[in-house]
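Q: This is the structure I have questions about; it appears just below.
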Amino acid sequence: MIREKSLESNVRTTAEETSKADRPAGAERRAPRSMWQRAGSLDRYVIVLVWVAIVIYFGIERPHVFLTELTFKTTLADNAATCALAVGVTIALAAGVIDLSFAAMAGLSMVIVTKLSATSHLNIALIALIAVAACAALGAVTSLLVTWLKVNSLVATLGMMSVAIGLTEKITAGMTLTGRFSGSFTDFGQAYWGPFPRPFVYAMALAVLGYLVLEHTPFGRRLLAVGDNVQAARLIGIRVGAHQTAAILTVAAIAGLVGVTLASTVGQATDTSGTGYLLPVVAGVFLGSTQFKNRVNVVGSVVAVLTIGTGIKGLQLMGATPWVSDFFDGAVLLAAVAFGAIRTRSAR
Amino acid sequence: MSDADGDRSRLGVGTVEPAVRLSSFSKTFGTARVLADVDLEIAPGELRALIGHNGSGKSTLVKCLSGFYRADAGSSATVGGTVLPLGDTNAADRLGLRFIHQDAGLLAGLSVTDNIALGTGYARSRDGRIDWRATRRRTQRLLDELGYEIDARRPVRELSRAQQTGVAIARAVAPRPDSAPSLVVLDEPTANLDKGEADHLFAVLDRLLARGVAALLVSHHLEEVMEHARTVTILRDGRVVRSAPVATFSSTDELVELMVGVVGLADTAKPVEAASAAGPAPVLTVRGLGTRLVQDLDLDLVPGEIVGIAGISGSGREDVAAAVFGGRPRAGEVTVHGRRLAESRPGRAVRSGMALLPAQRHEHALFAHLSVAENVTASQLPTRGRVVMDARQQRRVTMEWINKLSIRPADPTVPIGQLSGGNQQKALLARCLQTSPSVLVLDEPTQGVDVASAVELHDQIRRTAHAGAAVLVASSDNDELVRLCTRILVLRDGKVAAHLRGSQINRDHLDVLTLRESA
């Protein structure tokens with residue numbers, strides 16, 4: 001609530017500043033559209049209200065289970081990977097690349113780390129590097145297909161998803177792998193800083209970085225330009241291929257790092273450990289794209305992912321069975337897309 | 001809904017029901033009243049022009065009519081005496097309102113036959129399959145009747161712009177089992193056509209009018225309005241300023257004054273004087289330029305001059321700007337400041353000091369979902385240090401352009417897609433100038449732009465040339481070239497047919513030169 005108000009008033013003051021400072025005296029008054037916008041902009045921050053409502057609802061229904069430090073910690077820990085992946089997917093989508101392969105790549109990275117830790121005597125840092133490099137290599141192939149051969153990114157990453165899943169299955173051979181990790185690497189994924197699980201802190205740091213890059217660097221703005229109109233971007237001298245490649249490699253690298261962290265957090269890996277992240281992340285990013293700005297944005301993605309995560313956690317504590325989370329993720333994705341569509345229509 | 005009354009009055013003997021009658025037609029967005037109490041009547045067989053500068057409410061009126069927008073309560077419309085339900089596209093279609101949009105709205109990958117049959121239905125054989133021969137024959141007959149020589153089997157993608165417009169018209173007026181066309185609305189149909197093609201279009205329209213169909217023509221081309229329309233309705237700020245027969249106006253200037261609401265805003269400024277006789281070194285040199293249409297074109301541009309490229313469509317005029325810039329494959333050699341530019345490398349062209357304003361705004365220039373500020377500064381984003389973007393500087397720079405070119409609304413944060421065409425084009429010119437180019441390449445700079453905005457665009461282009469840029473303008477609007485250019489190259493069949501300078505430049509001369517071959 002407080003946050004929403006401050007955002008609103010921020011918007012208003014900057015608008016007033018510009019209109020005072022830069023408008024010549026006697027120019028006609030600001031278009032009445034801005035009034036409409038002010039009233040209509042509430043739905044851009046509605047997710048914050050929903051989040052608060054979810055917390056209040058489950059807090060009342062299950063006060064002794066939901067409003068506890070343990071629930072707080074596990075919710076954050078459960079959603080750290082989702083948040084980090086959402087940042088990557090947001091950056092790709094900003095550049096107009098729809099990536100479906102990230103979750104499978106995170107799974108691949110997780111399996112590589114777990115397997116190598118148990119079967120080789122390599123340093124864990126080297127193992128992590130190998131895992132991330134493997135993901136980056138797959139990303140490089142994808143980006144060649146997308147930027148050089150102009151393959152539709154949806155198709156290219158769908159294919160790459162299957163390739164990554166196949167490699168994962170080859171490594172696990174259908175077994176559940178258990179890692180042999182040193183204490184410091186176990187801390188890397190399992191310890192806390194204050195009340196915050198470390199992976200969640202990494203994810204937030206990544207989110208801040210992603211936000212700064214996308215909203216506050218020319219590189220980020222050029223990514224958005226490429227995502228909005230490839231032809232126009234090319235004709236003003238933006239190197240479209242280079243930007244799309246950068247976006248695809250970013251997602252791949254983030255997926256690799258998330259895999260490394262998950263290996264430490266979970267300690268075990270199966271061939272389906274990664275794929276479960278596909279839908280929550282995509283749902284979060286699309287829901288987030290209807291919030292704060294009228295396009296994909298990092299803050300929206302992260303807030304949406306956490307809101308969905310809180311909702312699922314609450315449902316689980318109410319005693320819901322596992323099918324609920326898949327159902328809920330899918331429903332949120334559909335609702336988010338419908339919500340965006342309704343807004344575009346009502347803007348007419 | 002008094003449908004029964006409506007039917008009775010349509011059957012009434014002796015009274016000529018107007019094809020369309022609008023009364024107190026209004027549309028409000030939020031608190032902005034973009035259409036206020038418009039009354040309009042169009043008789044069967046009448047060609048009515050609807051003019052007004054961008055933002056005057058023309059497009060809104062058309063969209064309310066088609067049912068895309070729902071007009072405000074209290075508005076009423078009848079079509080041939082039957083009440084038109086508001087905000088219902090199906091009802092509008094059923095009552096025979098047909099709309100032809102500027103971009104024609106055709107399915108480029110499908111054949112002409114498919115494009116038309118998807119609207120009117122396919123002929124079926126007895127077992128329910130499509131009877132392709134009959135469908136094709138029907139389509140071909142329709143095109144022949146309208147006077148278009150188009151092969152119904154060809155994909156729409158392969159047709160010229162004029163032919164595509166023809167297909168759109170054929171689709172609009174094709175006979176259908178459920179409804180007959182009563183009013184054809186054409187939105188800027190001649191924007192991409194040259195004089196000969198436009199004349200042909202009006203000949204086709206005449207045949208339709210003779211059948212008793214009414215037509216509403218939305219256009220920025222006032223001469224075309226004077227020449228072809230029977231009556232004209234002028235909108236300003238959402239209100240009808242005047243509705244009268246075209247014959248009551250003595251010149252287009254009178255129309256302009258009513259549209260703009262100011263006397264003496266005609267675009268009469270003199271072009272920049274030709275470069276001094278001493279002849280500074282050319283900044284842009286083109287040798288042996290070749291494309292699909294252009295053959296072996298040479299060009300030299302010195303700082304401060306504005307060189308025009310004229311020609312009907314198909315003459316190669318439409319290729320020149322993009323090919324020189326490198327956005328389209330080309331043969332030949334282009335040098336800027338003595339540096340040779342690689343082909344199909346727009347990035348290098350930009351870095352060597354060239355800027356292009358492309359002809360197809362939506363496809364090739366606009367980031368429709370990004371703000372005006374993002375669009376204006378897209379080719380040169382202001383930074384603090386090397387990596388961090390300076391958002392305040394970005395807003396300030398944009399505000400300067402907004403004031404300089406009077407872009408409305410004067411708000412850098414609005415998504416540019418919400419601006420009118422003229423304001424979008426001004427912002428895109430600002431983007432080009434933001435890089436301080438030494439060579440400015442403009443392709444159809446005022447296409448689909450209202451008169452007032454065109455004046456402002458032209459002023460800014462002249463000022464840029466004055467400040468020392470070399471400007472290349474390719475345009476199908478000969479008036480524009482005459483007003484703007486220090487010299488003009490006339491293309492015909494891909495070659496330079498004439499080269500006009502100074503006093504040789506006048507409208508009639510240029511018209512004759514561009515059309516001579518086809519005449």
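Letters A, B, ... go to the chains of the structure tokens in the order shown; residues in each chain start at 1; ligands are counted from 1 in the same order.
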Dump as CSV the rows for residues of chain A within 6 Å of chain B: closest atom pair and distance in Å with one decimal, only C-alpha atoms counted, ordered by chain and rising residue number.

A:
```
residue,atom,partner,partner_atom,distance
A:Trp36,CA,B:Gly30,CA,5.7
A:His216,CA,B:Met389,CA,4.9
A:Thr217,CA,B:Met389,CA,4.5
A:Pro218,CA,B:Met389,CA,5.8
A:Asp228,CA,B:Phe367,CA,5.5
A:Asn229,CA,B:Phe367,CA,5.7
A:Gln231,CA,B:His364,CA,5.1
A:Ala232,CA,B:Ala365,CA,4.2
A:Leu235,CA,B:Pro346,CA,5.6
A:Ile236,CA,B:Ser379,CA,5.7
A:Gly237,CA,B:Gly347,CA,3.5
```

Q: Using DSSP on the backbone coordinates, identify all residues within stretch 246-436 of chain B classified as alpha helix (DSSP H); present the result as a ChimeraX atom specification.

A: /B:252-260,317-325,346-351,361-364,372-376,391-404,421-434

Q: What's the 9 Å shell around B:Ala498, counting only C-alpha atoms, without same-chain residues fewer than 5 positions away, as a VMD selection string?

A: chain B and resid 488 to 492 513 to 514

Q: Find the spatial neighbours of B:Thr231, counting only C-alpha atoms, within a cut-off of 10 Å - ignore same-chain residues fewer than 3 positions away - and output them as number ranges by chain.

A: B: 42, 46-50, 216, 225-226, 228, 243-248

Q: Write a file of the just-selected residues containing N, CA and C atoms, as a PDB file, in the first residue's frame.

A:
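Resulting contents of out_38.pdb:
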```pdb
ATOM      1  N   ILE B  42     -24.659  11.607 -46.320  1.00  0.00           N
ATOM      2  CA  ILE B  42     -24.094  11.327 -47.627  1.00  0.00           C
ATOM      3  C   ILE B  42     -25.154  10.644 -48.474  1.00  0.00           C
ATOM      4  N   GLU B  46     -22.820   9.754 -54.023  1.00  0.00           N
ATOM      5  CA  GLU B  46     -22.049  10.955 -53.720  1.00  0.00           C
ATOM      6  C   GLU B  46     -20.649  10.579 -53.241  1.00  0.00           C
ATOM      7  N   LEU B  47     -19.651  11.336 -53.707  1.00  0.00           N
ATOM      8  CA  LEU B  47     -18.286  11.162 -53.177  1.00  0.00           C
ATOM      9  C   LEU B  47     -18.012  12.315 -52.226  1.00  0.00           C
ATOM     10  N   ARG B  48     -17.981  11.990 -50.939  1.00  0.00           N
ATOM     11  CA  ARG B  48     -17.760  13.003 -49.922  1.00  0.00           C
ATOM     12  C   ARG B  48     -16.321  12.905 -49.436  1.00  0.00           C
ATOM     13  N   ALA B  49     -15.623  14.039 -49.404  1.00  0.00           N
ATOM     14  CA  ALA B  49     -14.278  14.048 -48.837  1.00  0.00           C
ATOM     15  C   ALA B  49     -14.363  14.459 -47.378  1.00  0.00           C
ATOM     16  N   LEU B  50     -13.554  13.841 -46.552  1.00  0.00           N
ATOM     17  CA  LEU B  50     -13.478  14.197 -45.142  1.00  0.00           C
ATOM     18  C   LEU B  50     -12.048  14.645 -44.885  1.00  0.00           C
ATOM     19  N   LEU B 216     -16.943   7.761 -48.892  1.00  0.00           N
ATOM     20  CA  LEU B 216     -16.365   8.754 -47.993  1.00  0.00           C
ATOM     21  C   LEU B 216     -14.852   8.640 -48.130  1.00  0.00           C
ATOM     22  N   VAL B 225      -8.939  16.175 -53.608  1.00  0.00           N
ATOM     23  CA  VAL B 225     -10.280  16.437 -53.109  1.00  0.00           C
ATOM     24  C   VAL B 225     -11.004  17.415 -54.031  1.00  0.00           C
ATOM     25  N   MET B 226     -10.313  18.498 -54.391  1.00  0.00           N
ATOM     26  CA  MET B 226     -10.918  19.516 -55.251  1.00  0.00           C
ATOM     27  C   MET B 226     -11.304  18.920 -56.604  1.00  0.00           C
ATOM     28  N   HIS B 228     -11.830  15.572 -57.454  1.00  0.00           N
ATOM     29  CA  HIS B 228     -12.694  14.400 -57.592  1.00  0.00           C
ATOM     30  C   HIS B 228     -13.924  14.385 -56.703  1.00  0.00           C
ATOM     31  N   SER B 243     -19.469  21.942 -44.103  1.00  0.00           N
ATOM     32  CA  SER B 243     -19.821  20.875 -45.031  1.00  0.00           C
ATOM     33  C   SER B 243     -20.414  21.551 -46.250  1.00  0.00           C
ATOM     34  N   ALA B 244     -19.799  21.412 -47.405  1.00  0.00           N
ATOM     35  CA  ALA B 244     -20.296  22.142 -48.566  1.00  0.00           C
ATOM     36  C   ALA B 244     -19.838  21.453 -49.841  1.00  0.00           C
ATOM     37  N   PRO B 245     -20.526  21.751 -50.972  1.00  0.00           N
ATOM     38  CA  PRO B 245     -20.043  21.238 -52.251  1.00  0.00           C
ATOM     39  C   PRO B 245     -18.637  21.782 -52.530  1.00  0.00           C
ATOM     40  N   VAL B 246     -17.819  20.968 -53.147  1.00  0.00           N
ATOM     41  CA  VAL B 246     -16.444  21.371 -53.446  1.00  0.00           C
ATOM     42  C   VAL B 246     -16.429  22.614 -54.334  1.00  0.00           C
ATOM     43  N   ALA B 247     -17.434  22.726 -55.195  1.00  0.00           N
ATOM     44  CA  ALA B 247     -17.485  23.835 -56.144  1.00  0.00           C
ATOM     45  C   ALA B 247     -17.535  25.202 -55.457  1.00  0.00           C
ATOM     46  N   THR B 248     -17.941  25.237 -54.181  1.00  0.00           N
ATOM     47  CA  THR B 248     -18.022  26.527 -53.508  1.00  0.00           C
ATOM     48  C   THR B 248     -16.669  27.014 -53.001  1.00  0.00           C
TER      49      THR B 248
END
```

Q: Which residues are close to B:Arg236, i.e. within 7 Å by only C-alpha atoms, leaving aside same-chain residues fewer than 2 positions away? Reply as a tab-separated table (two decimals) with C-alpha atoms, in the first residue's frame.

A:
```
chain	number	residue	atom	x	y	z
B	52	GLY	CA	-8.90	17.91	-41.31
B	56	SER	CA	-9.04	16.57	-35.83
B	234	ILE	CA	-13.94	19.78	-42.81
B	238	GLY	CA	-13.66	17.10	-33.39
B	239	ARG	CA	-16.27	19.50	-34.80
B	240	VAL	CA	-17.56	20.02	-38.29
B	241	VAL	CA	-16.27	23.39	-39.42
B	259	MET	CA	-8.66	23.05	-41.48
```

Q: Could you work out how far atom CA of B:Leu65 lies from atom CA of B:Asp88, giving the answer in Å with one decimal?

A: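 Spanning atom CA of B:Asp88 to atom CA of B:Leu65 is a straight-line distance of 9.2 Å.
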
Q: Leaving out stretch 92-109 of chain B and any residue of its chain fewer than 6 positions from it, which residues lie within 6 Å of it when counting only C-alpha atoms, given as a PDB file with N, CA and C atoms, in the first residue's frame?

A:
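Result file is selection-v9.pdb:
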```pdb
ATOM      1  N   SER B  66     -17.249   2.254 -38.224  1.00  0.00           N
ATOM      2  CA  SER B  66     -17.027   0.830 -38.477  1.00  0.00           C
ATOM      3  C   SER B  66     -17.389  -0.020 -37.263  1.00  0.00           C
ATOM      4  N   PRO B 155      -0.020 -14.143 -55.799  1.00  0.00           N
ATOM      5  CA  PRO B 155      -0.003 -13.744 -54.388  1.00  0.00           C
ATOM      6  C   PRO B 155       0.002 -12.214 -54.286  1.00  0.00           C
ATOM      7  N   VAL B 156      -0.711 -11.705 -53.319  1.00  0.00           N
ATOM      8  CA  VAL B 156      -0.820 -10.257 -53.153  1.00  0.00           C
ATOM      9  C   VAL B 156       0.552  -9.609 -52.950  1.00  0.00           C
ATOM     10  N   ARG B 157       1.462 -10.349 -52.341  1.00  0.00           N
ATOM     11  CA  ARG B 157       2.801  -9.822 -52.071  1.00  0.00           C
ATOM     12  C   ARG B 157       3.484  -9.324 -53.341  1.00  0.00           C
ATOM     13  N   ALA B 168      -8.050  -4.455 -52.562  1.00  0.00           N
ATOM     14  CA  ALA B 168      -8.802  -4.064 -51.364  1.00  0.00           C
ATOM     15  C   ALA B 168     -10.178  -3.507 -51.754  1.00  0.00           C
ATOM     16  N   ALA B 172     -13.884  -5.039 -51.005  1.00  0.00           N
ATOM     17  CA  ALA B 172     -14.902  -4.253 -50.307  1.00  0.00           C
ATOM     18  C   ALA B 172     -16.238  -4.262 -51.052  1.00  0.00           C
ATOM     19  N   SER B 179     -25.316  -9.076 -47.962  1.00  0.00           N
ATOM     20  CA  SER B 179     -25.446  -7.621 -47.923  1.00  0.00           C
ATOM     21  C   SER B 179     -24.777  -6.985 -49.128  1.00  0.00           C
ATOM     22  N   ALA B 180     -25.313  -5.826 -49.519  1.00  0.00           N
ATOM     23  CA  ALA B 180     -24.737  -5.094 -50.642  1.00  0.00           C
ATOM     24  C   ALA B 180     -24.044  -3.856 -50.105  1.00  0.00           C
ATOM     25  N   PRO B 181     -22.949  -3.416 -50.738  1.00  0.00           N
ATOM     26  CA  PRO B 181     -22.256  -2.240 -50.228  1.00  0.00           C
ATOM     27  C   PRO B 181     -23.109  -0.980 -50.363  1.00  0.00           C
ATOM     28  N   SER B 182     -23.206  -0.199 -49.299  1.00  0.00           N
ATOM     29  CA  SER B 182     -23.945   1.062 -49.383  1.00  0.00           C
ATOM     30  C   SER B 182     -23.000   2.253 -49.291  1.00  0.00           C
ATOM     31  N   LEU B 183     -21.954   2.126 -48.472  1.00  0.00           N
ATOM     32  CA  LEU B 183     -20.987   3.210 -48.333  1.00  0.00           C
ATOM     33  C   LEU B 183     -19.586   2.605 -48.289  1.00  0.00           C
ATOM     34  N   VAL B 184     -18.707   3.140 -49.135  1.00  0.00           N
ATOM     35  CA  VAL B 184     -17.320   2.709 -49.123  1.00  0.00           C
ATOM     36  C   VAL B 184     -16.497   3.820 -48.482  1.00  0.00           C
ATOM     37  N   VAL B 185     -15.775   3.495 -47.433  1.00  0.00           N
ATOM     38  CA  VAL B 185     -14.933   4.483 -46.769  1.00  0.00           C
ATOM     39  C   VAL B 185     -13.482   4.216 -47.138  1.00  0.00           C
ATOM     40  N   LEU B 186     -12.822   5.205 -47.730  1.00  0.00           N
ATOM     41  CA  LEU B 186     -11.427   5.027 -48.130  1.00  0.00           C
ATOM     42  C   LEU B 186     -10.544   5.924 -47.284  1.00  0.00           C
ATOM     43  N   ASP B 187      -9.590   5.311 -46.572  1.00  0.00           N
ATOM     44  CA  ASP B 187      -8.703   6.078 -45.709  1.00  0.00           C
ATOM     45  C   ASP B 187      -7.374   6.277 -46.435  1.00  0.00           C
ATOM     46  N   GLU B 188      -7.117   7.498 -46.888  1.00  0.00           N
ATOM     47  CA  GLU B 188      -5.854   7.809 -47.563  1.00  0.00           C
ATOM     48  C   GLU B 188      -5.511   6.798 -48.651  1.00  0.00           C
ATOM     49  N   PRO B 189      -6.432   6.542 -49.580  1.00  0.00           N
ATOM     50  CA  PRO B 189      -6.161   5.458 -50.530  1.00  0.00           C
ATOM     51  C   PRO B 189      -5.018   5.773 -51.482  1.00  0.00           C
TER      52      PRO B 189
END
```
